[in-house]
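One structure below.
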Amino acid sequence: MSIQLINIGFGNMVSAARIVAIVSPESAPVKRIIQEARDEGTLIDATYGRRTRSVIVTDSDHVILSAVQPETVAHRMVSRSVEVTDEEA
């Protein structure tokens, strides 16, 4: 079994198996999650100064900010898992 890495923009990768949620950053609860992660030191900003378009929550309670749309990250996850499944068959 290989580790599936998902490109979240600018060459940054996240392990697909560790992702719990990919959400939009607009709502107040998500903004609160971002602030709590910043306070706890578990926030990873992978936006390179660009606008945050998606927030990725991991099973280790790390919160990752990405400049890529949530739909794009999810699509990369799905298409990557299809590629791996095809290779295993």
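Ligands are numbered from 1 in the order shown, residues from 1 within each chain, and chains are lettered A, B, ... in the order they appear in the structure tokens.
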
Using DSSP secondary structure from the backbone, list all strand (DSSP E or B) positions within chain A, as a PyMOL selection string. chain A and resi 5-9+12-15+19-23+43-46+54-58+63-66

If we count only C-alpha atoms and set the cut-off at 6 Å, which residues sit around stretch 44-55 of chain A, ignoring sequence neighbours fewer than 5 positions away in its own chain? Please answer as a list in words. Ile22, Val23, Ser24, Pro25, Ile64, Leu65, Ser66, Ala67, Val68, Gln69 and Pro70 of chain A

Atomic distance atom CA of A:Leu43 - atom CA of A:Val30, expressed in Å with one decimal: 12.6 Å

Quick one: pull the distance between atom CA of A:Thr42 and atom CA of A:His75, Å, one decimal.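 Taking atom CA of A:Thr42 and atom CA of A:His75, their separation equals 25.2 Å.
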
Suppose you want the space between atom CA of A:Met13 and atom CA of A:Ser79; what is it in Å?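 Computing it gives 15.0 Å between the two atoms.
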
As a count of residues only, please: every residue in chain A that a backbone DSSP assignment puts in alpha helix (DSSP H). 32

Contacts of A:Gln4 within 7 Å, only C-alpha atoms, excl. fewer than 2 positions in-chain, as a PyMOL selection string: chain A and resi 2+6+15-16
